[in-house]
file upload06.txt (compact mmCIF, C-alpha atoms and all ligand atoms)
# COMPACT_ATOMS: atom_id res chain seq x y z
CA MET T 1 10.86 30.85 -97.45
CA PRO T 2 13.15 33.86 -96.70
CA TRP T 3 15.52 33.08 -93.80
CA TYR T 4 14.03 35.63 -91.40
CA LYS T 5 10.61 33.94 -91.62
CA LYS T 6 11.97 30.65 -90.36
CA LEU T 7 10.92 29.98 -86.81
CA HIS T 8 14.38 29.41 -85.35
CA TRP T 9 15.68 32.67 -86.83
CA GLN T 10 12.71 34.56 -85.42
CA ILE T 11 13.42 33.05 -82.02
CA ILE T 12 17.13 33.91 -82.31
CA ILE T 13 16.25 37.50 -83.26
CA GLY T 14 13.88 37.68 -80.25
CA LEU T 15 16.64 36.32 -78.06
CA ILE T 16 19.24 38.84 -79.23
CA LEU T 17 16.84 41.78 -79.00
CA GLY T 18 15.83 40.64 -75.50
CA LEU T 19 19.48 40.57 -74.50
CA ILE T 20 20.07 44.04 -75.93
CA TRP T 21 16.93 45.40 -74.27
CA GLY T 22 17.97 43.91 -70.92
CA LEU T 23 21.40 45.52 -71.16
CA ILE T 24 19.99 48.93 -72.15
CA SER T 25 17.43 48.62 -69.41
CA THR T 26 20.02 48.08 -66.68
CA GLN T 27 22.13 50.98 -67.99
CA ALA T 28 19.25 53.42 -68.47
CA GLY T 29 17.48 52.59 -65.19
CA TRP T 30 14.42 51.06 -66.88
CA ASN T 31 14.44 47.88 -64.85
CA GLN T 32 11.13 48.66 -63.16
CA PHE T 33 9.46 49.23 -66.53
CA THR T 34 10.94 46.00 -67.90
CA SER T 35 9.79 44.13 -64.86
CA ASP T 36 6.26 45.54 -64.94
CA PHE T 37 5.54 45.52 -68.65
CA ILE T 38 7.93 43.15 -70.43
CA ARG T 39 8.46 40.29 -67.99
CA PRO T 40 4.72 39.41 -67.93
CA VAL T 41 4.79 38.67 -71.68
CA GLY T 42 7.40 35.97 -71.02
CA THR T 43 5.42 34.62 -68.07
CA ILE T 44 2.26 34.41 -70.18
CA PHE T 45 4.18 32.56 -72.89
CA VAL T 46 5.58 30.00 -70.43
CA ASN T 47 2.18 29.63 -68.76
CA LEU T 48 0.58 28.88 -72.12
CA LEU T 49 3.11 26.14 -72.78
CA GLN T 50 2.59 24.67 -69.34
CA LEU T 51 -1.18 24.92 -69.70
CA ILE T 52 -1.30 22.51 -72.61
CA ALA T 53 1.39 20.07 -71.45
CA ILE T 54 -0.86 17.74 -69.43
CA PRO T 55 -3.75 17.58 -71.95
CA LEU T 56 -1.21 16.99 -74.71
CA VAL T 57 0.59 14.16 -72.94
CA LEU T 58 -2.68 12.55 -71.90
CA ALA T 59 -4.33 12.66 -75.33
CA SER T 60 -1.30 11.76 -77.40
CA LEU T 61 -0.18 8.91 -75.14
CA VAL T 62 -3.65 7.35 -74.98
CA VAL T 63 -3.83 7.46 -78.79
CA GLY T 64 -0.20 6.25 -78.99
CA VAL T 65 -0.82 3.21 -76.80
CA THR T 66 -3.93 2.24 -78.77
CA LYS T 67 -1.84 2.27 -81.95
CA LEU T 68 0.68 -0.23 -80.59
CA ASN T 69 0.34 -3.77 -81.87
CA ASN T 70 0.50 -5.38 -78.47
CA LEU T 71 1.54 -4.83 -74.91
CA THR T 72 4.90 -6.53 -75.35
CA GLN T 73 5.83 -3.71 -77.67
CA LEU T 74 5.03 -1.20 -74.93
CA SER T 75 7.19 -2.92 -72.33
CA ARG T 76 10.02 -3.43 -74.83
CA MET T 77 9.89 0.26 -75.71
CA GLY T 78 9.85 1.17 -72.01
CA GLY T 79 12.90 -1.00 -71.30
CA LYS T 80 14.85 0.46 -74.24
CA THR T 81 13.95 4.01 -73.31
CA ILE T 82 15.07 3.71 -69.69
CA GLY T 83 18.20 1.75 -70.72
CA ILE T 84 19.34 4.33 -73.29
CA TYR T 85 18.50 7.19 -70.94
CA MET T 86 20.78 5.67 -68.29
CA VAL T 87 23.64 5.09 -70.72
CA THR T 88 23.53 8.64 -72.15
CA THR T 89 23.42 10.08 -68.62
CA VAL T 90 26.48 8.10 -67.53
CA CYS T 91 28.29 9.22 -70.72
CA ALA T 92 27.39 12.85 -69.93
CA ILE T 93 28.77 12.61 -66.40
CA THR T 94 31.95 10.96 -67.63
CA ILE T 95 32.49 13.71 -70.21
CA GLY T 96 31.89 16.30 -67.49
CA LEU T 97 34.45 14.65 -65.22
CA VAL T 98 37.05 14.49 -68.00
CA SER T 99 36.45 18.14 -68.87
CA VAL T 100 36.73 19.41 -65.28
CA ASN T 101 39.79 17.27 -64.50
CA LEU T 102 41.59 18.52 -67.58
CA ILE T 103 40.68 22.18 -67.22
CA GLN T 104 40.96 22.27 -63.40
CA PRO T 105 38.88 25.46 -63.03
CA GLY T 106 38.78 25.27 -59.22
CA LYS T 107 42.53 25.64 -58.96
CA ALA T 108 42.45 28.76 -61.14
CA LEU T 109 40.00 30.56 -58.83
CA PRO T 110 41.81 33.36 -56.95
CA GLU T 111 41.54 33.14 -53.16
CA GLU T 112 39.99 36.61 -52.76
CA THR T 113 37.27 35.82 -55.34
CA ARG T 114 36.51 32.61 -53.47
CA VAL T 115 36.09 34.41 -50.17
CA GLU T 116 34.01 37.16 -51.76
CA LEU T 117 31.68 34.69 -53.48
CA MET T 118 31.23 32.62 -50.33
CA GLU T 119 30.23 35.73 -48.42
CA SER T 120 27.81 37.16 -50.96
CA TYR T 121 25.86 33.96 -51.72
CA GLN T 122 25.90 32.30 -48.31
CA GLU T 123 22.26 33.04 -47.50
CA ASN T 124 20.97 31.53 -50.73
CA VAL T 125 22.66 28.22 -49.99
CA GLU T 126 20.67 27.36 -46.85
CA GLU T 127 17.32 27.41 -48.63
CA ARG T 128 18.59 24.94 -51.24
CA GLU T 129 20.12 22.72 -48.61
CA GLN T 130 16.76 22.40 -46.87
CA THR T 131 14.94 21.43 -50.06
CA ALA T 132 17.58 18.80 -50.85
CA GLU T 133 17.35 17.52 -47.27
CA GLN T 134 13.63 16.85 -47.77
CA ALA T 135 14.40 14.88 -50.95
CA LEU T 136 17.01 12.81 -49.08
CA GLN T 137 14.63 11.86 -46.31
CA ARG T 138 12.34 9.98 -48.70
CA GLY T 139 12.50 6.17 -48.70
CA PRO T 140 14.26 4.32 -51.54
CA LEU T 141 11.00 3.22 -53.20
CA GLN T 142 9.28 6.60 -52.88
CA PRO T 143 9.94 7.58 -56.53
CA LEU T 144 8.04 4.44 -57.58
CA VAL T 145 5.20 5.21 -55.18
CA ASP T 146 5.04 8.74 -56.61
CA ILE T 147 4.26 7.41 -60.08
CA VAL T 148 0.96 5.90 -58.94
CA PRO T 149 -1.49 8.67 -58.01
CA PRO T 150 -4.26 8.08 -55.50
CA ASN T 151 -6.54 10.46 -57.34
CA VAL T 152 -6.98 11.42 -60.99
CA VAL T 153 -7.75 15.07 -60.34
CA SER T 154 -4.78 15.58 -58.04
CA ALA T 155 -2.52 13.93 -60.62
CA MET T 156 -3.68 16.37 -63.27
CA SER T 157 -3.44 19.34 -60.94
CA SER T 158 0.29 19.95 -61.25
CA ASN T 159 2.77 19.66 -64.09
CA ALA T 160 5.24 18.26 -61.59
CA ASN T 161 3.15 15.06 -61.68
CA MET T 162 3.94 14.28 -65.30
CA LEU T 163 4.87 10.65 -64.62
CA GLN T 164 1.48 10.16 -62.93
CA VAL T 165 -0.22 11.49 -66.05
CA VAL T 166 1.88 9.12 -68.16
CA PHE T 167 0.78 6.27 -65.88
CA ILE T 168 -2.93 7.18 -66.20
CA ALA T 169 -2.66 7.55 -69.98
CA ILE T 170 -0.99 4.14 -70.32
CA LEU T 171 -3.70 2.52 -68.17
CA LEU T 172 -6.42 4.16 -70.26
CA GLY T 173 -4.74 3.12 -73.50
CA ILE T 174 -4.32 -0.47 -72.33
CA GLY T 175 -7.97 -0.58 -71.25
CA LEU T 176 -9.04 0.71 -74.64
CA ILE T 177 -7.13 -2.00 -76.52
CA GLN T 178 -8.65 -4.71 -74.33
CA ILE T 179 -12.33 -3.88 -74.76
CA GLU T 180 -14.52 -4.40 -77.85
CA LYS T 181 -13.68 -2.16 -80.80
CA ALA T 182 -17.30 -1.03 -81.07
CA LYS T 183 -17.11 0.37 -77.56
CA SER T 184 -13.59 1.82 -77.60
CA ARG T 185 -13.96 3.53 -81.00
CA HIS T 186 -15.69 6.67 -79.74
CA LEU T 187 -13.26 7.28 -76.91
CA VAL T 188 -10.24 6.70 -79.15
CA ASN T 189 -11.71 9.12 -81.71
CA PHE T 190 -12.30 11.63 -78.95
CA PHE T 191 -8.67 11.53 -77.76
CA ASP T 192 -7.47 11.60 -81.37
CA GLY T 193 -9.48 14.74 -82.11
CA PHE T 194 -8.51 16.30 -78.81
CA ASN T 195 -4.86 15.63 -79.58
CA ASP T 196 -5.17 17.37 -82.98
CA VAL T 197 -6.77 20.39 -81.32
CA ILE T 198 -3.92 20.68 -78.82
CA ILE T 199 -1.34 20.41 -81.58
CA LYS T 200 -3.10 23.28 -83.37
CA ILE T 201 -2.92 25.28 -80.15
CA VAL T 202 0.85 24.58 -79.95
CA ASP T 203 1.15 26.12 -83.44
CA TYR T 204 -0.64 29.25 -82.24
CA ILE T 205 1.48 29.51 -79.12
CA MET T 206 4.60 29.23 -81.26
CA LEU T 207 3.53 32.38 -83.12
CA LEU T 208 4.17 34.11 -79.82
CA ALA T 209 7.57 32.48 -79.33
CA PRO T 210 9.81 35.32 -80.60
CA TYR T 211 8.01 37.85 -78.33
CA GLY T 212 7.99 35.45 -75.39
CA VAL T 213 11.69 34.76 -75.80
CA PHE T 214 12.43 38.49 -76.06
CA ALA T 215 10.66 39.11 -72.75
CA LEU T 216 12.23 36.10 -71.02
CA LEU T 217 15.74 37.15 -72.01
CA ALA T 218 15.21 40.77 -71.01
CA ALA T 219 13.97 39.57 -67.59
CA VAL T 220 16.94 37.22 -67.13
CA ILE T 221 19.38 40.04 -67.88
CA ILE T 222 17.84 42.51 -65.44
CA ASP T 223 17.72 39.81 -62.76
CA LEU T 224 21.35 38.91 -63.31
CA ALA T 225 22.78 42.37 -63.69
CA GLY T 226 20.51 44.29 -61.34
CA ASP T 227 21.69 47.86 -61.34
CA ASP T 228 25.35 46.91 -61.46
CA LEU T 229 26.18 45.39 -64.80
CA SER T 230 29.94 45.54 -64.30
CA ARG T 231 29.73 43.33 -61.21
CA ALA T 232 27.84 40.69 -63.21
CA VAL T 233 30.48 40.83 -65.94
CA ASP T 234 33.27 40.52 -63.36
CA LEU T 235 31.57 37.46 -61.92
CA LEU T 236 31.30 35.91 -65.33
CA PHE T 237 35.02 36.34 -65.85
CA ALA T 238 35.92 35.08 -62.38
CA LEU T 239 33.99 31.90 -63.03
CA GLY T 240 35.04 31.80 -66.68
CA TRP T 241 37.06 28.56 -66.49
CA TYR T 242 34.33 26.78 -64.59
CA SER T 243 31.69 27.92 -67.09
CA LEU T 244 33.97 26.89 -69.92
CA ALA T 245 34.42 23.40 -68.45
CA VAL T 246 30.61 23.01 -68.37
CA LEU T 247 30.10 24.43 -71.86
CA ILE T 248 32.86 22.37 -73.48
CA GLY T 249 31.45 19.26 -71.80
CA LEU T 250 27.94 20.03 -73.07
CA PHE T 251 29.21 20.67 -76.59
CA LEU T 252 31.23 17.44 -76.67
CA HIS T 253 28.35 15.45 -75.27
CA MET T 254 25.93 16.66 -77.93
CA ASN T 255 28.33 15.99 -80.73
CA LEU T 256 29.92 12.74 -79.60
CA VAL T 257 27.21 10.89 -77.75
CA TYR T 258 24.23 11.71 -79.97
CA PHE T 259 26.35 11.15 -83.07
CA THR T 260 27.27 7.69 -81.78
CA LEU T 261 23.66 7.02 -80.78
CA PHE T 262 22.46 7.72 -84.33
CA LYS T 263 25.32 5.71 -85.84
CA ILE T 264 24.30 2.68 -83.79
CA PHE T 265 20.52 2.94 -83.91
CA SER T 266 19.39 4.98 -86.89
CA THR T 267 20.33 6.62 -90.15
CA MET T 268 19.61 10.15 -88.89
CA THR T 269 22.44 12.61 -89.43
CA LEU T 270 23.40 15.00 -86.67
CA ARG T 271 22.84 17.93 -89.04
CA ASN T 272 19.24 16.96 -89.85
CA PHE T 273 18.61 16.23 -86.22
CA PHE T 274 19.69 19.70 -85.12
CA ARG T 275 17.77 21.32 -87.98
CA GLY T 276 14.63 19.60 -86.79
CA ILE T 277 15.01 20.18 -83.08
CA ARG T 278 16.60 23.66 -82.92
CA PRO T 279 13.44 25.71 -82.12
CA ALA T 280 12.83 23.44 -79.10
CA MET T 281 16.48 23.84 -78.05
CA LEU T 282 16.17 27.61 -78.29
CA LEU T 283 13.01 27.57 -76.21
CA GLY T 284 14.67 25.33 -73.65
CA PHE T 285 17.51 27.84 -73.53
CA SER T 286 15.16 30.81 -73.06
CA THR T 287 12.79 29.23 -70.53
CA SER T 288 15.35 27.08 -68.62
CA SER T 289 12.62 24.50 -68.29
CA SER T 290 12.40 21.18 -70.07
CA ALA T 291 8.90 20.66 -68.66
CA ALA T 292 7.62 23.93 -70.15
CA THR T 293 9.25 23.16 -73.50
CA LEU T 294 7.75 19.67 -73.68
CA PRO T 295 4.82 20.53 -76.02
CA VAL T 296 7.21 22.07 -78.55
CA THR T 297 9.72 19.22 -78.21
CA MET T 298 6.90 16.76 -78.92
CA GLU T 299 5.71 18.67 -81.93
CA ARG T 300 9.19 19.02 -83.46
CA VAL T 301 10.13 15.40 -82.82
CA GLU T 302 6.94 14.17 -84.49
CA LYS T 303 6.56 16.62 -87.34
CA ASN T 304 10.16 17.43 -88.17
CA LEU T 305 12.16 14.40 -87.10
CA GLY T 306 9.54 11.87 -88.22
CA VAL T 307 9.15 9.98 -84.93
CA GLU T 308 5.73 8.38 -84.73
CA GLU T 309 3.36 9.36 -81.96
CA GLU T 310 3.39 5.93 -80.29
CA VAL T 311 7.04 6.49 -79.42
CA SER T 312 7.30 10.24 -78.87
CA SER T 313 4.24 10.45 -76.63
CA PHE T 314 5.88 8.01 -74.24
CA VAL T 315 9.62 8.70 -74.53
CA LEU T 316 9.46 12.51 -74.33
CA PRO T 317 7.30 13.12 -71.22
CA VAL T 318 9.28 10.46 -69.37
CA GLY T 319 12.52 12.07 -70.59
CA ALA T 320 11.45 15.58 -69.58
CA THR T 321 10.98 14.22 -66.06
CA ILE T 322 13.87 11.82 -65.55
CA ASN T 323 16.45 12.26 -68.30
CA MET T 324 18.75 15.25 -67.86
CA ASP T 325 22.05 14.77 -69.65
CA GLY T 326 22.99 18.45 -69.40
CA THR T 327 22.12 18.64 -65.71
CA SER T 328 24.03 15.50 -64.76
CA LEU T 329 27.11 16.71 -66.66
CA TYR T 330 26.92 20.07 -64.94
CA GLN T 331 26.49 18.44 -61.51
CA ALA T 332 29.68 16.43 -62.05
CA VAL T 333 31.66 19.50 -63.16
CA ALA T 334 30.27 21.62 -60.32
CA ALA T 335 31.06 19.02 -57.64
CA VAL T 336 34.67 18.64 -58.74
CA PHE T 337 35.07 22.40 -59.24
CA ILE T 338 33.92 23.11 -55.68
CA ALA T 339 36.21 20.37 -54.35
CA GLN T 340 39.17 21.87 -56.22
CA ALA T 341 38.32 25.37 -55.03
CA VAL T 342 38.29 24.34 -51.37
CA GLY T 343 41.54 22.43 -51.82
CA MET T 344 40.22 18.86 -51.84
CA ASP T 345 41.57 16.27 -54.27
CA LEU T 346 38.91 13.75 -55.20
CA SER T 347 40.11 10.16 -55.65
CA ILE T 348 39.00 7.91 -58.52
CA ALA T 349 36.63 6.12 -56.11
CA GLN T 350 35.07 9.46 -55.14
CA GLN T 351 34.68 10.42 -58.79
CA LEU T 352 32.95 7.07 -59.43
CA THR T 353 30.62 7.91 -56.55
CA ILE T 354 29.85 11.14 -58.40
CA VAL T 355 28.87 9.10 -61.48
CA LEU T 356 26.36 7.18 -59.39
CA THR T 357 24.94 10.04 -57.36
CA ALA T 358 24.78 12.50 -60.27
CA THR T 359 22.81 9.88 -62.24
CA LEU T 360 20.33 9.56 -59.39
CA ALA T 361 20.29 13.29 -58.67
CA SER T 362 19.55 14.15 -62.29
CA ILE T 363 16.65 11.66 -62.32
CA GLY T 364 15.26 13.43 -59.27
CA THR T 365 15.75 16.91 -60.75
CA ALA T 366 12.51 18.57 -61.85
CA GLY T 367 12.42 20.13 -65.32
CA VAL T 368 12.15 23.65 -63.96
CA PRO T 369 14.63 26.54 -63.66
CA GLY T 370 17.26 26.12 -60.97
CA ALA T 371 16.31 22.57 -59.95
CA GLY T 372 19.72 21.15 -60.85
CA ILE T 373 21.61 23.14 -58.25
CA ILE T 374 19.30 21.89 -55.47
CA MET T 375 19.99 18.26 -56.30
CA LEU T 376 23.70 19.09 -56.51
CA VAL T 377 23.60 19.14 -52.69
CA ILE T 378 23.10 15.36 -52.78
CA VAL T 379 26.12 14.86 -55.04
CA LEU T 380 28.28 17.06 -52.81
CA ASN T 381 27.18 15.21 -49.67
CA SER T 382 28.08 11.86 -51.20
CA VAL T 383 31.74 12.85 -51.57
CA GLN T 384 31.93 15.02 -48.43
CA VAL T 385 32.51 18.23 -50.36
CA PRO T 386 31.21 21.18 -48.26
CA VAL T 387 27.73 22.13 -49.42
CA GLU T 388 28.45 25.80 -48.68
CA GLY T 389 30.63 25.67 -51.81
CA ILE T 390 27.44 26.08 -53.84
CA ALA T 391 27.82 29.78 -53.05
CA LEU T 392 30.77 29.78 -55.45
CA ILE T 393 28.70 28.87 -58.50
CA LEU T 394 25.32 30.50 -57.79
CA GLY T 395 26.22 33.71 -59.62
CA VAL T 396 26.50 32.07 -63.03
CA ASP T 397 23.99 29.32 -62.45
CA ARG T 398 21.13 30.89 -64.38
CA ILE T 399 23.19 31.19 -67.55
CA LEU T 400 24.49 27.63 -67.29
CA ASP T 401 20.96 26.46 -66.51
CA MET T 402 19.85 27.84 -69.88
CA CYS T 403 22.57 25.88 -71.66
CA ARG T 404 22.12 22.62 -69.78
CA THR T 405 18.34 22.73 -70.30
CA ALA T 406 18.86 22.98 -74.08
CA VAL T 407 21.01 19.84 -73.83
CA ASN T 408 18.45 18.07 -71.63
CA ILE T 409 15.84 18.58 -74.33
CA THR T 410 18.19 17.51 -77.10
CA GLY T 411 18.96 14.31 -75.17
CA ASP T 412 15.28 13.40 -74.89
CA ALA T 413 14.74 14.02 -78.60
CA ALA T 414 17.83 11.99 -79.58
CA VAL T 415 16.66 9.00 -77.55
CA ALA T 416 13.17 9.30 -79.07
CA VAL T 417 14.76 9.06 -82.54
CA ALA T 418 16.89 6.06 -81.50
CA VAL T 419 13.98 4.15 -79.92
CA ALA T 420 11.66 4.94 -82.86
CA SER T 421 14.25 3.73 -85.32
CA THR T 422 14.72 0.37 -83.59
CA GLU T 423 10.95 -0.07 -83.39
CA GLY T 424 10.47 0.72 -87.10
CA LYS T 425 8.57 3.87 -86.18
CA LEU T 426 10.78 6.51 -87.74
CA SER T 427 9.59 7.99 -91.01
CA ASP T 428 11.27 10.60 -93.15
CA GLY T 429 11.41 13.91 -91.34
CA ARG T 430 10.81 17.38 -92.74
CA PHE T 431 13.75 18.66 -90.68
CA ASP T 432 13.50 22.35 -91.54
CA ASP T 433 10.46 24.57 -90.88
N1 LIG I 1 16.39 23.70 -65.75
C1 LIG I 1 16.69 22.31 -66.02
C2 LIG I 1 15.58 21.70 -66.84
O1 LIG I 1 14.48 22.16 -66.82
C3 LIG I 1 16.93 21.52 -64.76
C4 LIG I 1 18.16 22.05 -64.07
O2 LIG I 1 18.07 22.98 -63.29
O3 LIG I 1 19.25 21.53 -64.36
O4 LIG I 1 15.81 20.75 -67.56

call {"tool": "encode", "arguments": {"input": "upload06.txt", "output": "structure tokens"}}
result
Amino acid sequence: MPWYKKLHWQIIIGLILGLIWGLISTQAGWNQFTSDFIRPVGTIFVNLLQLIAIPLVLASLVVGVTKLNNLTQLSRMGGKTIGIYMVTTVCAITIGLVSVNLIQPGKALPEETRVELMESYQENVEEREQTAEQALQRGPLQPLVDIVPPNVVSAMSSNANMLQVVFIAILLGIGLIQIEKAKSRHLVNFFDGFNDVIIKIVDYIMLLAPYGVFALLAAVIIDLAGDDLSRAVDLLFALGWYSLAVLIGLFLHMNLVYFTLFKIFSTMTLRNFFRGIRPAMLLGFSTSSSAATLPVTMERVEKNLGVEEEVSSFVLPVGATINMDGTSLYQAVAAVFIAQAVGMDLSIAQQLTIVLTATLASIGTAGVPGAGIIMLVIVLNSVQVPVEGIALILGVDRILDMCRTAVNITGDAAVAVAVASTEGKLSDGRFDD
């Protein structure tokens, strides 16, 4: 296949053209046109992905559970998944803390930039503070309560309820293994067929990916730059060290932690892993949403990395909801950066508190654009760093969100490979397109 026909190259070309279009648009005064006629293509693309996420998780997890040998295997897999998710998250936060303590971006921020940023983004902070406040007021067991829906239709009515859908699918699957084969056969066949149909639909949606990504990128650029591109560029430079601390952390995490994970649990090489997962990473980057990318992540992990459905259909939806390596790393860097910028020195004990709260905050972060910065409020509160400091990082948050989302998705896929390998459910992957 010529290189330009490969999916990831087509997405990269879409991405670059979208970037160029966005830049031309801001310079030529075409932002209204871009907003009216190009942005909707990206919205339609993301909507299509979101549309199939719940049916896909439901059908593939029901079929997955019925393929398991017994229920002990399910609970063992669940334990391993949560355990490895926790460990990779703590590693991510630690790498973030090392990166920000070495680079010290907060100390490099000029005083006048700090004052200017605080003034321009102040209003946007309050809204986020209120949302985080609501999350804080929930009881300690509320996340558990939220997994069990009181009503099937309400559970299926929002993609934010993914864990409820996982719960329903597991119950259905367990029920199907327990009843007579003669009775369960038809329903299992139904879900199996339904699952195949959805996977076909994912293939069709992916034909749209390069156009969708083009539109998404163009929209991001006009939102960021507005009519004043030079101000956006200045901002990027002013927060250059901070952004670099996040990016270096993300890069190290992907290369060190996932490499070690594969060394311990499987024979997968990092190169093959990235070859298999890259279209999903690129989509995560363009959409800034691990929830919206889920159908593509599932498809790539199964078809290209060779993870069997029993594992991927459980590990990935759970991961898209609770496992955010990129977000937790970013929250650690952001918290220390803000502390440095306002002249606070965080002690080792305070940095350990960040490890704990960023782990919890990332679990509570939804897989949608901009969710990470809301939960950052909780991390800041835990170490008494002024929440208003969020104003300092808002300007570059969208760009960093794109990068951390790509890492969030990679983390879910890496754990799926590790769990599948230990369960003997990893076959040879196709890796490339
Ligand atoms: N956008 C991220 C995600 O969907 C969450 C975040 O804001 O960090 O994974």

call {"tool": "closest_atom_pairs", "arguments": {"input": "upload06.txt", "of": "range 318-417 of chain T", "to": "range 281-299 of chain T", "cutoff": "10 Å", "atoms": "all atoms listed in the file", "output": "CSV"}}
result
residue,atom,partner,partner_atom,distance
T:Gly319,CA,T:Ser290,CA,9.1
T:Ala320,CA,T:Ser290,CA,5.7
T:Thr321,CA,T:Ala291,CA,7.2
T:Asn323,CA,T:Ser290,CA,10.0
T:Met324,CA,T:Ser290,CA,9.0
T:Ala366,CA,T:Ala291,CA,8.0
T:Gly367,CA,T:Ser290,CA,4.9
T:Val368,CA,T:Ser289,CA,4.4
T:Pro369,CA,T:Ser288,CA,5.0
T:Gly370,CA,T:Ser288,CA,7.9
T:Ala371,CA,T:Ser289,CA,9.3
T:Arg398,CA,T:Ser288,CA,8.1
T:Ile399,CA,T:Phe285,CA,8.9
T:Leu400,CA,T:Ser288,CA,9.3
T:Asp401,CA,T:Ser288,CA,6.0
T:Met402,CA,T:Phe285,CA,4.3
T:Cys403,CA,T:Phe285,CA,5.7
T:Arg404,CA,T:Phe285,CA,7.9
T:Thr405,CA,T:Ser288,CA,5.5
T:Ala406,CA,T:Met281,CA,4.7
T:Val407,CA,T:Met281,CA,7.4
T:Asn408,CA,T:Ser290,CA,7.0
T:Ile409,CA,T:Ser290,CA,6.1
T:Thr410,CA,T:Met281,CA,6.6
T:Asp412,CA,T:Thr297,CA,8.7
T:Ala413,CA,T:Thr297,CA,7.2
T:Ala416,CA,T:Met298,CA,9.7

call {"tool": "residues_near_point", "arguments": {"input": "upload06.txt", "point": "(-0.6, 8.5, -78.0)", "cutoff": "10 Å", "atoms": "all atoms listed in the file", "output": "short mmCIF file (atom, residue, chain, number, x, y, z; two decimals) with C-alpha atoms, in the coordinates of the input"}}
result
data_model
loop_
_atom_site.label_atom_id
_atom_site.label_comp_id
_atom_site.auth_asym_id
_atom_site.auth_seq_id
_atom_site.Cartn_x
_atom_site.Cartn_y
_atom_site.Cartn_z
CA LEU T 56 -1.21 16.99 -74.71
CA VAL T 57 0.59 14.16 -72.94
CA LEU T 58 -2.68 12.55 -71.90
CA ALA T 59 -4.33 12.66 -75.33
CA SER T 60 -1.30 11.76 -77.40
CA LEU T 61 -0.18 8.91 -75.14
CA VAL T 62 -3.65 7.35 -74.98
CA VAL T 63 -3.83 7.46 -78.79
CA GLY T 64 -0.20 6.25 -78.99
CA VAL T 65 -0.82 3.21 -76.80
CA THR T 66 -3.93 2.24 -78.77
CA LYS T 67 -1.84 2.27 -81.95
CA LEU T 68 0.68 -0.23 -80.59
CA ALA T 169 -2.66 7.55 -69.98
CA ILE T 170 -0.99 4.14 -70.32
CA GLY T 173 -4.74 3.12 -73.50
CA VAL T 188 -10.24 6.70 -79.15
CA PHE T 191 -8.67 11.53 -77.76
CA ASP T 192 -7.47 11.60 -81.37
CA ASN T 195 -4.86 15.63 -79.58
CA GLU T 308 5.73 8.38 -84.73
CA GLU T 309 3.36 9.36 -81.96
CA GLU T 310 3.39 5.93 -80.29
CA VAL T 311 7.04 6.49 -79.42
CA SER T 312 7.30 10.24 -78.87
CA SER T 313 4.24 10.45 -76.63
CA PHE T 314 5.88 8.01 -74.24
#

call {"tool": "atom_distance", "arguments": {"input": "upload06.txt", "atom1": "CA of Ile201 in chain T", "atom2": "CA of Leu48 in chain T"}}
result
9.5 Å

call {"tool": "closest_residue", "arguments": {"input": "upload06.txt", "among": "T:Asn189, T:Ser427, T:Leu316, T:Gln351", "to": "Tyr85 in chain T", "atoms": "all atoms listed in the file"}}
result
T:Leu316

call {"tool": "residues_near_point", "arguments": {"input": "upload06.txt", "point": "(26.6, 15.1, -67.0)", "cutoff": "9 Å", "atoms": "all atoms listed in the file", "output": "compact mmCIF listing (two decimals) with C-alpha atoms, in the frame of the given file"}}
result
# COMPACT_ATOMS: atom_id res chain seq x y z
CA THR T 88 23.53 8.64 -72.15
CA THR T 89 23.42 10.08 -68.62
CA VAL T 90 26.48 8.10 -67.53
CA CYS T 91 28.29 9.22 -70.72
CA ALA T 92 27.39 12.85 -69.93
CA ILE T 93 28.77 12.61 -66.40
CA THR T 94 31.95 10.96 -67.63
CA ILE T 95 32.49 13.71 -70.21
CA GLY T 96 31.89 16.30 -67.49
CA LEU T 97 34.45 14.65 -65.22
CA VAL T 246 30.61 23.01 -68.37
CA GLY T 249 31.45 19.26 -71.80
CA LEU T 250 27.94 20.03 -73.07
CA HIS T 253 28.35 15.45 -75.27
CA MET T 324 18.75 15.25 -67.86
CA ASP T 325 22.05 14.77 -69.65
CA GLY T 326 22.99 18.45 -69.40
CA THR T 327 22.12 18.64 -65.71
CA SER T 328 24.03 15.50 -64.76
CA LEU T 329 27.11 16.71 -66.66
CA TYR T 330 26.92 20.07 -64.94
CA GLN T 331 26.49 18.44 -61.51
CA ALA T 332 29.68 16.43 -62.05
CA VAL T 333 31.66 19.50 -63.16
CA VAL T 355 28.87 9.10 -61.48
CA ALA T 358 24.78 12.50 -60.27
CA THR T 359 22.81 9.88 -62.24
CA SER T 362 19.55 14.15 -62.29

call {"tool": "atom_distance", "arguments": {"input": "upload06.txt", "atom1": "CA of Phe33 in chain T", "atom2": "CA of Tyr211 in chain T"}}
result
16.5 Å

call {"tool": "closest_residue", "arguments": {"input": "upload06.txt", "among": "T:Gly276, T:Gly240, T:Pro140, T:Gly18", "to": "Gly212 in chain T", "atoms": "all atoms listed in the file"}}
result
T:Gly18

call {"tool": "atom_distance", "arguments": {"input": "upload06.txt", "atom1": "CA of Gly42 in chain T", "atom2": "CA of Ile205 in chain T"}}
result
11.9 Å

call {"tool": "closest_residue", "arguments": {"input": "upload06.txt", "among": "T:Met375, T:Leu7, T:Ile322, T:Val387", "to": "Ala209 in chain T", "atoms": "all atoms listed in the file"}}
result
T:Leu7
